[in-house]
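Novice: Below is run-v3.tsv; it holds TSV, C-alpha atoms.
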chain	number	residue	atom	x	y	z
A	1	MET	CA	-71.43	34.97	43.62
A	2	ASN	CA	-71.84	38.61	44.72
A	3	LEU	CA	-69.26	39.86	47.22
A	4	THR	CA	-70.68	43.38	47.55
A	5	TYR	CA	-73.67	44.98	49.26
A	6	SER	CA	-75.83	47.78	47.92
A	7	PRO	CA	-75.28	51.39	49.11
A	8	ASP	CA	-78.53	51.16	51.11
A	9	ALA	CA	-77.30	48.02	52.87
A	10	GLU	CA	-73.97	49.66	53.70
A	11	LYS	CA	-75.83	52.69	55.06
A	12	PHE	CA	-77.79	50.36	57.33
A	13	ARG	CA	-74.50	48.72	58.37
A	14	ASP	CA	-73.28	52.12	59.57
A	15	GLU	CA	-76.50	52.53	61.56
A	16	VAL	CA	-76.01	49.16	63.23
A	17	ARG	CA	-72.41	49.99	64.11
A	18	GLU	CA	-73.53	53.26	65.65
A	19	PHE	CA	-76.18	51.42	67.66
A	20	LEU	CA	-73.48	49.04	68.94
A	21	ARG	CA	-71.17	51.92	69.90
A	22	GLN	CA	-73.94	53.54	71.90
A	23	ASN	CA	-75.24	50.42	73.65
A	24	LEU	CA	-72.17	48.29	74.45
A	25	PRO	CA	-69.89	48.99	77.43
A	26	GLU	CA	-66.68	50.86	76.62
A	27	ASP	CA	-64.62	47.95	77.95
A	28	TRP	CA	-66.56	45.32	75.99
A	29	ARG	CA	-64.32	42.28	75.33
A	30	GLY	CA	-66.88	39.96	73.79
A	31	PHE	CA	-69.71	37.79	75.05
A	32	GLY	CA	-67.28	34.91	75.61
A	33	ALA	CA	-65.38	36.91	78.21
A	34	LEU	CA	-68.38	36.69	80.58
A	35	ASP	CA	-68.89	33.80	82.95
A	36	ASN	CA	-72.06	31.80	82.45
A	37	GLU	CA	-74.12	33.60	85.07
A	38	ALA	CA	-73.14	37.01	83.73
A	39	ALA	CA	-73.68	35.80	80.15
A	40	GLU	CA	-77.23	34.72	80.94
A	41	ALA	CA	-78.00	38.07	82.56
A	42	PHE	CA	-76.42	39.99	79.69
A	43	SER	CA	-78.28	37.98	77.03
A	44	ARG	CA	-81.62	38.75	78.68
A	45	GLU	CA	-80.89	42.47	78.90
A	46	TRP	CA	-79.37	42.57	75.42
A	47	ARG	CA	-82.42	40.91	73.94
A	48	ARG	CA	-84.58	43.59	75.52
A	49	THR	CA	-82.32	46.25	73.98
A	50	LEU	CA	-82.60	44.69	70.52
A	51	TYR	CA	-86.38	44.51	70.86
A	52	GLU	CA	-86.72	48.12	71.99
A	53	HIS	CA	-84.66	49.28	69.00
A	54	GLY	CA	-86.66	47.23	66.48
A	55	LEU	CA	-83.79	44.85	65.70
A	56	LEU	CA	-85.68	41.61	66.30
A	57	GLY	CA	-87.74	40.35	63.37
A	58	LEU	CA	-86.04	43.00	61.26
A	59	SER	CA	-87.40	41.72	57.92
A	60	TRP	CA	-90.88	40.86	59.21
A	61	PRO	CA	-93.91	42.99	58.26
A	62	VAL	CA	-94.47	46.10	60.33
A	63	ALA	CA	-98.11	45.09	60.82
A	64	TYR	CA	-97.00	42.34	63.22
A	65	GLY	CA	-94.30	44.33	65.02
A	66	GLY	CA	-91.42	43.59	62.65
A	67	GLY	CA	-88.99	46.05	61.13
A	68	GLY	CA	-90.24	45.82	57.55
A	69	ARG	CA	-86.70	45.82	56.17
A	70	SER	CA	-85.12	43.62	53.51
A	71	LYS	CA	-83.49	40.22	53.86
A	72	VAL	CA	-80.21	41.86	52.93
A	73	ASP	CA	-80.53	44.16	55.96
A	74	GLN	CA	-81.23	41.11	58.12
A	75	ILE	CA	-77.96	39.54	56.92
A	76	VAL	CA	-76.06	42.78	57.53
A	77	LEU	CA	-77.41	42.92	61.08
A	78	ALA	CA	-76.40	39.30	61.74
A	79	GLU	CA	-72.88	39.99	60.44
A	80	GLU	CA	-72.38	43.08	62.58
A	81	LEU	CA	-73.68	41.44	65.76
A	82	ALA	CA	-71.30	38.54	65.17
A	83	ARG	CA	-68.35	40.87	64.55
A	84	ALA	CA	-69.17	42.83	67.70
A	85	GLN	CA	-69.15	39.52	69.61
A	86	VAL	CA	-72.69	39.96	70.91
A	87	PRO	CA	-75.59	37.50	70.65
A	88	SER	CA	-78.55	38.05	68.35
A	89	GLY	CA	-80.88	37.26	71.27
A	90	ARG	CA	-81.21	34.65	73.98
A	91	VAL	CA	-80.30	31.01	73.40
A	92	THR	CA	-83.98	30.17	73.01
A	93	ASP	CA	-84.36	32.72	70.21
A	94	THR	CA	-82.89	30.24	67.75
A	95	THR	CA	-86.12	28.25	68.00
A	96	THR	CA	-88.39	31.15	69.00
A	97	VAL	CA	-87.43	33.92	66.56
A	98	LYS	CA	-85.27	32.41	63.83
A	99	MET	CA	-87.30	29.23	63.37
A	100	MET	CA	-90.86	29.70	64.66
A	101	GLY	CA	-91.16	33.41	63.93
A	102	ASN	CA	-89.97	33.12	60.34
A	103	THR	CA	-92.21	30.11	59.81
A	104	LEU	CA	-95.26	32.05	60.98
A	105	VAL	CA	-94.38	34.94	58.66
A	106	ARG	CA	-94.09	32.49	55.75
A	107	TRP	CA	-96.94	30.06	56.50
A	108	GLY	CA	-99.17	31.42	59.26
A	109	THR	CA	-102.75	32.58	58.84
A	110	GLU	CA	-103.51	36.21	59.49
A	111	GLU	CA	-104.99	35.31	62.87
A	112	GLN	CA	-101.93	33.25	63.82
A	113	LYS	CA	-99.57	36.07	62.86
A	114	GLN	CA	-101.52	38.65	64.84
A	115	ARG	CA	-101.70	36.35	67.85
A	116	PHE	CA	-98.21	34.87	68.07
A	117	ILE	CA	-95.66	37.15	66.38
A	118	PRO	CA	-95.89	40.15	68.75
A	119	ARG	CA	-95.46	37.82	71.73
A	120	ILE	CA	-92.45	36.18	70.07
A	121	LEU	CA	-90.82	39.56	69.53
A	122	SER	CA	-91.50	40.78	73.05
A	123	GLY	CA	-90.19	37.57	74.60
A	124	GLU	CA	-93.49	36.76	76.30
A	125	ASP	CA	-93.56	33.33	74.60
A	126	VAL	CA	-90.62	30.94	74.34
A	127	TRP	CA	-90.92	28.26	71.65
A	128	VAL	CA	-89.07	24.95	71.55
A	129	GLN	CA	-88.67	22.45	68.73
A	130	GLY	CA	-90.42	19.07	68.70
A	131	PHE	CA	-88.90	17.26	65.74
A	132	SER	CA	-86.47	14.48	66.77
A	133	GLU	CA	-87.75	11.23	68.24
A	134	PRO	CA	-85.90	8.16	69.59
A	135	ASP	CA	-86.42	6.38	66.25
A	136	SER	CA	-86.59	9.47	64.00
A	137	GLY	CA	-83.59	11.76	63.98
A	138	SER	CA	-82.00	12.52	60.64
A	139	ASP	CA	-84.81	10.54	58.97
A	140	LEU	CA	-87.27	13.12	60.19
A	141	ALA	CA	-90.05	12.03	57.82
A	142	SER	CA	-90.40	8.80	59.82
A	143	ALA	CA	-91.67	10.72	62.87
A	144	GLY	CA	-94.22	8.66	64.75
A	145	LEU	CA	-95.76	11.00	67.35
A	146	ARG	CA	-99.51	10.78	66.66
A	147	ALA	CA	-102.14	13.47	66.55
A	148	ARG	CA	-105.82	12.84	65.90
A	149	LEU	CA	-108.58	15.39	65.46
A	150	GLU	CA	-111.38	15.09	68.03
A	151	GLY	CA	-114.02	17.74	67.56
A	152	ASP	CA	-112.24	21.10	67.66
A	153	GLU	CA	-108.99	19.81	69.20
A	154	TRP	CA	-105.93	17.83	68.21
A	155	VAL	CA	-105.13	15.07	70.70
A	156	ILE	CA	-101.39	14.33	70.76
A	157	SER	CA	-99.59	11.22	72.07
A	158	GLY	CA	-95.98	10.14	71.75
A	159	GLN	CA	-92.46	11.34	72.50
A	160	LYS	CA	-89.94	13.91	71.31
A	161	ILE	CA	-86.28	13.94	72.33
A	162	TRP	CA	-83.24	16.26	72.34
A	163	THR	CA	-85.58	19.20	72.87
A	164	SER	CA	-83.28	22.12	73.67
A	165	ARG	CA	-84.30	24.20	76.70
A	166	ALA	CA	-87.64	22.39	76.89
A	167	HIS	CA	-87.94	23.39	80.55
A	168	GLU	CA	-88.18	27.04	79.46
A	169	GLY	CA	-90.77	26.52	76.73
A	170	ASP	CA	-94.25	27.99	76.78
A	171	TRP	CA	-95.08	26.44	73.40
A	172	ILE	CA	-93.67	23.62	71.30
A	173	PHE	CA	-93.98	23.24	67.52
A	174	LEU	CA	-94.43	19.62	66.53
A	175	LEU	CA	-94.12	17.46	63.48
A	176	ALA	CA	-96.90	14.94	64.13
A	177	ARG	CA	-98.25	11.99	62.17
A	178	THR	CA	-101.88	12.73	61.43
A	179	ASP	CA	-102.44	10.01	58.80
A	180	PRO	CA	-100.47	6.78	59.39
A	181	ASP	CA	-101.79	5.25	56.14
A	182	ARG	CA	-100.17	7.80	53.83
A	183	PRO	CA	-96.52	7.66	52.66
A	184	LYS	CA	-94.32	8.95	55.46
A	185	HIS	CA	-93.67	12.43	53.98
A	186	ARG	CA	-97.37	12.97	53.27
A	187	GLY	CA	-98.99	12.00	56.53
A	188	LEU	CA	-97.41	14.65	58.75
A	189	SER	CA	-98.84	17.91	60.08
A	190	PHE	CA	-97.14	20.87	61.73
A	191	LEU	CA	-98.89	21.61	65.03
A	192	LEU	CA	-98.49	24.23	67.76
A	193	CYS	CA	-99.01	22.94	71.28
A	194	PRO	CA	-99.03	24.73	74.66
A	195	MET	CA	-96.69	23.04	77.13
A	196	ASP	CA	-98.37	24.09	80.35
A	197	GLN	CA	-100.96	21.32	80.52
A	198	PRO	CA	-101.31	17.94	82.28
A	199	GLY	CA	-100.63	15.90	79.13
A	200	VAL	CA	-97.10	17.27	78.60
A	201	GLU	CA	-94.18	15.99	80.69
A	202	VAL	CA	-90.61	17.32	80.34
A	203	ARG	CA	-87.79	15.03	81.50
A	204	PRO	CA	-84.27	16.57	81.51
A	205	ILE	CA	-81.41	14.70	79.83
A	206	ARG	CA	-78.07	14.96	81.64
A	207	VAL	CA	-75.20	15.04	79.13
A	208	LEU	CA	-71.46	14.37	79.60
A	209	SER	CA	-70.85	17.91	80.83
A	210	GLY	CA	-73.28	17.30	83.70
A	211	GLN	CA	-75.69	19.91	82.34
A	212	THR	CA	-79.32	19.42	81.36
A	213	GLU	CA	-79.89	21.75	78.43
A	214	PHE	CA	-81.73	18.98	76.55
A	215	ALA	CA	-84.87	17.09	77.48
A	216	GLU	CA	-87.25	14.43	76.30
A	217	VAL	CA	-90.89	15.46	76.16
A	218	TYR	CA	-93.77	13.00	76.60
A	219	PHE	CA	-97.29	13.68	75.33
A	220	THR	CA	-100.19	11.73	76.80
A	221	ASP	CA	-103.43	12.90	75.20
A	222	ALA	CA	-102.14	16.48	75.22
A	223	ARG	CA	-104.53	18.87	73.51
A	224	THR	CA	-104.31	21.91	71.29
A	225	PRO	CA	-107.09	23.75	69.40
A	226	ALA	CA	-107.74	22.59	65.83
A	227	GLU	CA	-106.72	25.98	64.44
A	228	ASN	CA	-103.18	25.56	65.84
A	229	ILE	CA	-101.90	23.98	62.66
A	230	ILE	CA	-99.45	25.63	60.26
A	231	GLY	CA	-100.06	24.86	56.60
A	232	GLU	CA	-102.43	22.16	55.43
A	233	VAL	CA	-103.48	19.04	57.30
A	234	HIS	CA	-101.02	16.28	56.32
A	235	GLY	CA	-98.92	19.01	54.65
A	236	GLY	CA	-96.46	19.54	57.50
A	237	TRP	CA	-93.40	18.26	55.63
A	238	ALA	CA	-93.21	21.36	53.43
A	239	VAL	CA	-93.51	23.61	56.49
A	240	ALA	CA	-90.84	21.66	58.39
A	241	THR	CA	-88.31	21.77	55.56
A	242	SER	CA	-88.75	25.51	55.09
A	243	LEU	CA	-88.31	26.00	58.84
A	244	LEU	CA	-84.96	24.19	58.68
A	245	SER	CA	-83.83	26.55	55.92
A	246	PHE	CA	-84.64	29.51	58.19
A	247	GLU	CA	-82.41	27.89	60.83
A	248	ARG	CA	-79.45	27.92	58.46
A	249	GLY	CA	-80.09	31.16	56.55
A	250	GLU	CA	-78.09	33.62	58.64
A	251	GLU	CA	-75.47	31.00	59.49
A	252	ALA	CA	-73.99	31.32	56.01
A	253	ALA	CA	-73.02	34.88	57.01
A	254	THR	CA	-72.14	34.37	60.67
A	255	ASN	CA	-70.44	30.95	60.71
A	256	PRO	CA	-67.29	32.21	58.95
A	257	ILE	CA	-67.04	35.04	61.51
A	258	TYR	CA	-67.39	32.71	64.49
A	259	PHE	CA	-64.98	30.12	63.13
A	260	LYS	CA	-62.44	32.83	62.24
A	261	ALA	CA	-62.62	34.15	65.83
A	262	GLU	CA	-62.08	30.61	67.09
A	263	LEU	CA	-59.12	30.13	64.74
A	264	ASP	CA	-57.53	33.34	66.07
A	265	ARG	CA	-57.93	31.91	69.56
A	266	LEU	CA	-56.37	28.62	68.42
A	267	ILE	CA	-53.36	30.49	67.01
A	268	ASP	CA	-53.03	32.36	70.32
A	269	LEU	CA	-53.11	29.01	72.11
A	270	ALA	CA	-50.21	27.78	69.97
A	271	ARG	CA	-48.25	30.91	70.94
A	272	GLN	CA	-49.07	30.45	74.63
A	273	GLN	CA	-47.83	26.87	74.48
A	274	GLY	CA	-44.65	27.90	72.65
A	275	ARG	CA	-45.61	25.81	69.62
A	276	ASP	CA	-46.20	28.53	67.03
A	277	CYS	CA	-42.80	27.91	65.42
A	278	ASP	CA	-43.23	24.12	65.32
A	279	PRO	CA	-43.42	23.26	61.58
A	280	VAL	CA	-45.99	20.51	62.12
A	281	ILE	CA	-48.24	22.79	64.17
A	282	ARG	CA	-47.83	25.61	61.67
A	283	ASP	CA	-48.84	23.27	58.87
A	284	ARG	CA	-51.97	22.22	60.76
A	285	LEU	CA	-52.84	25.84	61.54
A	286	ALA	CA	-52.39	26.73	57.87
A	287	TRP	CA	-54.77	23.90	56.98
A	288	CYS	CA	-57.35	25.37	59.37
A	289	PHE	CA	-56.83	28.87	57.96
A	290	THR	CA	-57.47	27.76	54.37
A	291	ARG	CA	-60.62	25.87	55.42
A	292	VAL	CA	-62.02	28.90	57.23
A	293	GLU	CA	-61.35	31.05	54.16
A	294	VAL	CA	-63.14	28.51	51.96
A	295	MET	CA	-66.01	28.60	54.46
A	296	ARG	CA	-66.22	32.36	54.00
A	297	PHE	CA	-66.49	32.16	50.20
A	298	LEU	CA	-68.91	29.25	50.43
A	299	GLY	CA	-71.03	31.48	52.65
A	300	TYR	CA	-70.99	34.25	50.05
A	301	ARG	CA	-72.22	31.83	47.40
A	302	ILE	CA	-75.01	30.50	49.60
A	303	LEU	CA	-76.09	34.02	50.58
A	304	THR	CA	-76.17	35.11	46.94
A	305	ASP	CA	-78.53	32.24	46.12
A	306	TYR	CA	-80.58	32.83	49.27
A	307	LEU	CA	-81.10	36.53	48.61
A	308	ARG	CA	-81.93	35.87	44.95
A	309	SER	CA	-84.40	33.01	45.43
A	310	GLY	CA	-85.51	33.27	49.07
A	311	ASN	CA	-84.48	29.71	49.95
A	312	LEU	CA	-81.23	27.90	50.61
A	313	GLY	CA	-81.68	24.64	48.72
A	314	PRO	CA	-79.21	21.78	48.88
A	315	ALA	CA	-76.20	24.14	49.11
A	316	ALA	CA	-76.97	24.43	52.82
A	317	SER	CA	-76.07	20.75	53.14
A	318	ILE	CA	-72.62	21.47	51.67
A	319	SER	CA	-72.08	24.16	54.28
A	320	LYS	CA	-73.30	21.99	57.18
A	321	LEU	CA	-71.11	19.06	56.12
A	322	TYR	CA	-68.12	21.33	55.56
A	323	TRP	CA	-68.04	23.23	58.86
A	324	SER	CA	-69.01	20.30	61.08
A	325	GLU	CA	-66.25	18.03	59.77
A	326	TYR	CA	-63.70	20.88	59.77
A	327	HIS	CA	-64.52	21.64	63.39
A	328	GLN	CA	-63.57	18.19	64.64
A	329	VAL	CA	-60.07	18.57	63.15
A	330	ALA	CA	-59.57	22.10	64.51
A	331	SER	CA	-60.72	21.23	68.03
A	332	ASP	CA	-58.53	18.11	68.05
A	333	LEU	CA	-55.57	20.40	67.35
A	334	ALA	CA	-56.51	22.51	70.37
A	335	LEU	CA	-56.42	19.44	72.63
A	336	ASN	CA	-53.07	18.43	71.12
A	337	LEU	CA	-51.71	21.86	72.01
A	338	LEU	CA	-53.02	21.66	75.56
A	339	GLY	CA	-51.41	18.24	75.99
A	340	ALA	CA	-51.57	16.75	79.48
A	341	ALA	CA	-53.12	19.97	80.81
A	342	ALA	CA	-56.33	19.00	79.00
A	343	MET	CA	-56.91	16.33	81.62
A	344	ILE	CA	-57.53	19.01	84.27
A	345	ARG	CA	-60.64	21.16	83.94
A	346	GLU	CA	-60.09	24.82	84.67
A	347	GLY	CA	-61.87	28.08	83.84
A	348	ARG	CA	-65.29	28.92	82.47
A	349	ARG	CA	-67.27	26.51	80.34
A	350	PRO	CA	-68.99	27.50	77.07
A	351	PHE	CA	-72.32	29.25	77.41
A	352	LYS	CA	-73.74	27.48	74.37
A	353	HIS	CA	-73.45	23.84	73.30
A	354	PHE	CA	-73.22	23.98	69.52
A	355	ARG	CA	-70.49	25.07	67.09
A	356	THR	CA	-67.79	27.36	68.54
A	357	ASP	CA	-67.46	28.88	71.98
A	358	GLU	CA	-68.54	32.51	72.10
A	359	PRO	CA	-66.05	35.02	70.59
A	360	GLY	CA	-63.84	36.51	73.27
A	361	ALA	CA	-63.69	33.30	75.30
A	362	PRO	CA	-60.38	32.64	77.08
A	363	ASN	CA	-58.18	29.65	76.26
A	364	THR	CA	-59.25	27.61	79.27
A	365	THR	CA	-59.21	23.83	79.30
A	366	ASN	CA	-62.91	23.85	80.15
A	367	SER	CA	-63.67	25.83	77.01
A	368	TRP	CA	-61.65	23.68	74.61
A	369	LEU	CA	-62.63	20.38	76.24
A	370	ASP	CA	-66.33	21.12	75.89
A	371	VAL	CA	-65.88	22.44	72.35
A	372	ALA	CA	-63.88	19.38	71.28
A	373	LEU	CA	-65.70	16.63	73.17
A	374	LEU	CA	-69.25	17.97	73.01
A	375	ASN	CA	-69.79	20.71	70.43
A	376	ALA	CA	-67.54	19.45	67.65
A	377	ARG	CA	-68.28	15.75	68.14
A	378	SER	CA	-72.02	16.32	68.08
A	379	GLY	CA	-71.76	18.75	65.15
A	380	THR	CA	-71.76	15.91	62.60
A	381	VAL	CA	-74.95	14.54	64.17
A	382	TYR	CA	-77.31	17.39	65.11
A	383	ALA	CA	-79.25	19.25	62.40
A	384	GLY	CA	-78.75	16.29	60.06
A	385	THR	CA	-75.89	13.79	60.19
A	386	SER	CA	-72.99	13.92	57.76
A	387	GLN	CA	-74.37	10.80	56.08
A	388	ILE	CA	-77.71	12.52	55.47
A	389	GLN	CA	-75.97	15.64	54.15
A	390	ARG	CA	-73.98	13.51	51.69
A	391	ASN	CA	-77.20	11.85	50.53
A	392	ILE	CA	-78.78	15.26	49.89
A	393	ILE	CA	-75.71	16.49	48.02
A	394	GLY	CA	-75.50	13.30	45.96
A	395	GLU	CA	-79.17	13.20	45.04
A	396	SER	CA	-80.05	16.90	44.75
A	397	ILE	CA	-76.82	18.36	43.36
A	398	LEU	CA	-74.96	15.51	41.67
A	399	GLY	CA	-78.06	13.75	40.37
A	400	LEU	CA	-77.11	10.35	41.80
A	401	PRO	CA	-79.85	7.74	42.30
A	402	LYS	CA	-81.52	7.53	45.68
A	403	GLU	CA	-80.38	4.88	48.09
A	404	PRO	CA	-82.65	1.82	48.15
A	405	PRO	CA	-85.06	1.84	51.12
A	406	VAL	CA	-84.07	-0.17	54.16
A	407	ALA	CA	-86.75	-2.29	55.80
A	408	ALA	CA	-87.57	-1.23	59.34
A	409	ALA	CA	-86.28	-3.48	62.08
A	410	PRO	CA	-88.99	-5.60	63.73
A	411	ARG	CA	-90.26	-4.21	67.02
The structure given in the file should be rewritten as structure tokens.

Specialist:
Amino acid sequence: MNLTYSPDAEKFRDEVREFLRQNLPEDWRGFGALDNEAAEAFSREWRRTLYEHGLLGLSWPVAYGGGGRSKVDQIVLAEELARAQVPSGRVTDTTTVKMMGNTLVRWGTEEQKQRFIPRILSGEDVWVQGFSEPDSGSDLASAGLRARLEGDEWVISGQKIWTSRAHEGDWIFLLARTDPDRPKHRGLSFLLCPMDQPGVEVRPIRVLSGQTEFAEVYFTDARTPAENIIGEVHGGWAVATSLLSFERGEEAATNPIYFKAELDRLIDLARQQGRDCDPVIRDRLAWCFTRVEVMRFLGYRILTDYLRSGNLGPAASISKLYWSEYHQVASDLALNLLGAAAMIREGRRPFKHFRTDEPGAPNTTNSWLDVALLNARSGTVYAGTSQIQRNIIGESILGLPKEPPVAAAPR
């Protein structure tokens, strides 16, 4: 495990900090201090600023509009943006830049890179993820959405669900079954499909908060050109698994920062409630502190492996399992501290609906209620359930035998 950065990386860190000093307001108190309307406006403008300064796609080739810098510099940038309590782009850039952009750099043809990557960087195209289905969540390889090749087009039929911000998407990347007779991992292809067509219908899903960030997407003979496939035909599983590693790559560096900021807020909440001298509360806060510190060193180990080999491997499952189960305990403590006041919603609600609230957020009941009841509770489900993570750890790290297959329920 390497806890140090090279002199070149530290020089770049200084450059990023100078950029932040010049481009953030003097009274900046963190992205979480903004209400949701102001946060949306700021994130749009901030994304434009990052793009104009070449800080989106930092490690991508210059030929496609990227920065041409190293993966280490990309990690340094992610750390400094997190410490400055600013986003690394818009909410949709998780799927657009971090997932789709990196996948194109890794797997795309030259034509695909030239066509799509500049539009991803500029923000002209928003991409959304079409992986989960009603009967295929954590068992992603069982995806059943069908795609058949007719002439020079793929014809797509089926359903995807829990598609974040689907109403904003221009394109959707899909894991589609292109050969139902092959074993489930080997009959999938990774397709790119335009959403603005008659065969694509987006239906919002209203969640407990009353918001509709998620949607289900129906495909009825939707069409996309035959060349809009990433990787080989029936070879989509390898592309999909590498995409998921891109999703978690920077998180090893930024998660400890976000969870430490949330812990500081939790300690402040204990002080505000006059409970910071309560020995039981202090013991629970100490438990949270040690877990966040472990998360930090776990992140260093994962980053060392990532920068050495270029992929995350099964260690990413340890991190996902660790922070998601920690977060339920920490957010429960926040509700305990709020007590009866937690039954009354007051203040701003979180801008995002995964992991922590944004750094700088106030200790409102709305913030902690949504974090505890929505973000933390769903954290052990989205991006692979805790059960799936334990299977990966057991089989890939501990060398335990695979679980016996379970016969599908009759339809």

Novice: Identify which of the residues A:Glu153, A:Glu52, A:Asp332, A:Glu80 lies closest to Gly67 of chain A, counting all atoms listed in the file when measuring atom-to-atom distances.

Specialist: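 Nearest to Gly67 of chain A: A:Glu52.
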
Novice: Would you kindly return, as a ChimeraX atom specification, each protein, DNA or RNA residue with an atom no farther than 10 Å from any atom of segment 320-326 of chain A, considering all atoms listed in the file and excluding same-chain residues fewer than 2 positions away?

Specialist: /A:248,251-252,255-256,259,287-288,291-292,294-295,298,315-318,328-331,355,375-390,393

Novice: What is the distance, in Å and to one decimal place, between atom CA of Pro350 of chain A and atom CA of Ser164 of chain A?

Specialist: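 Going from atom CA of Pro350 of chain A over to atom CA of Ser164 of chain A covers 15.6 Å.
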
Novice: Would you pick out the contacts of Trp154 of chain A at 8 Å or less, using all atoms listed in the file, so that residues sharing its chain but fewer than 4 positions from it are not included, and give the list as a PyMOL selection string?

Specialist: chain A and resi 147-150+223-226

Novice: Let me see the file: selected residues, C-alpha atoms, as an mmCIF file, in the frame of the given file.

Specialist:
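In the end it all went to part-v6.cif:
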data_model
loop_
_atom_site.group_PDB
_atom_site.id
_atom_site.type_symbol
_atom_site.label_atom_id
_atom_site.label_comp_id
_atom_site.auth_asym_id
_atom_site.auth_seq_id
_atom_site.Cartn_x
_atom_site.Cartn_y
_atom_site.Cartn_z
ATOM 1 C CA ALA A 147 -102.140 13.470 66.550
ATOM 2 C CA ARG A 148 -105.820 12.840 65.900
ATOM 3 C CA LEU A 149 -108.580 15.390 65.460
ATOM 4 C CA GLU A 150 -111.380 15.090 68.030
ATOM 5 C CA ARG A 223 -104.530 18.870 73.510
ATOM 6 C CA THR A 224 -104.310 21.910 71.290
ATOM 7 C CA PRO A 225 -107.090 23.750 69.400
ATOM 8 C CA ALA A 226 -107.740 22.590 65.830
#

Novice: List the spatial neighbours of Asp370 of chain A as a list in words - criterion: any atom at most 10 Å away, all atoms listed in the file, same-chain residues fewer than 2 positions off excluded.

Specialist: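 Residues meeting the cut-off are Leu208, Ser209, Ser331, Arg345, Arg349, Pro350, Lys352, His353, Phe354, Thr356, Asp357, Thr365, Asn366, Ser367, Trp368, Ala372, Leu373, Leu374, Asn375, Ala376 and Arg377 of chain A.
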
Novice: Please compute the atom CA of Ile117 of chain A-atom CA of Tyr64 of chain A distance, one decimal, in Å.

Specialist: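 According to the coordinates, atom CA of Ile117 of chain A and atom CA of Tyr64 of chain A are separated by 6.2 Å.
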
Novice: Write out as an NGL selection string the residues lying within 10 Å of Glu124 of chain A, counting all atoms listed in the file and excluding same-chain residues fewer than 6 positions away.

Specialist: :A and (116 or 118 or 170)
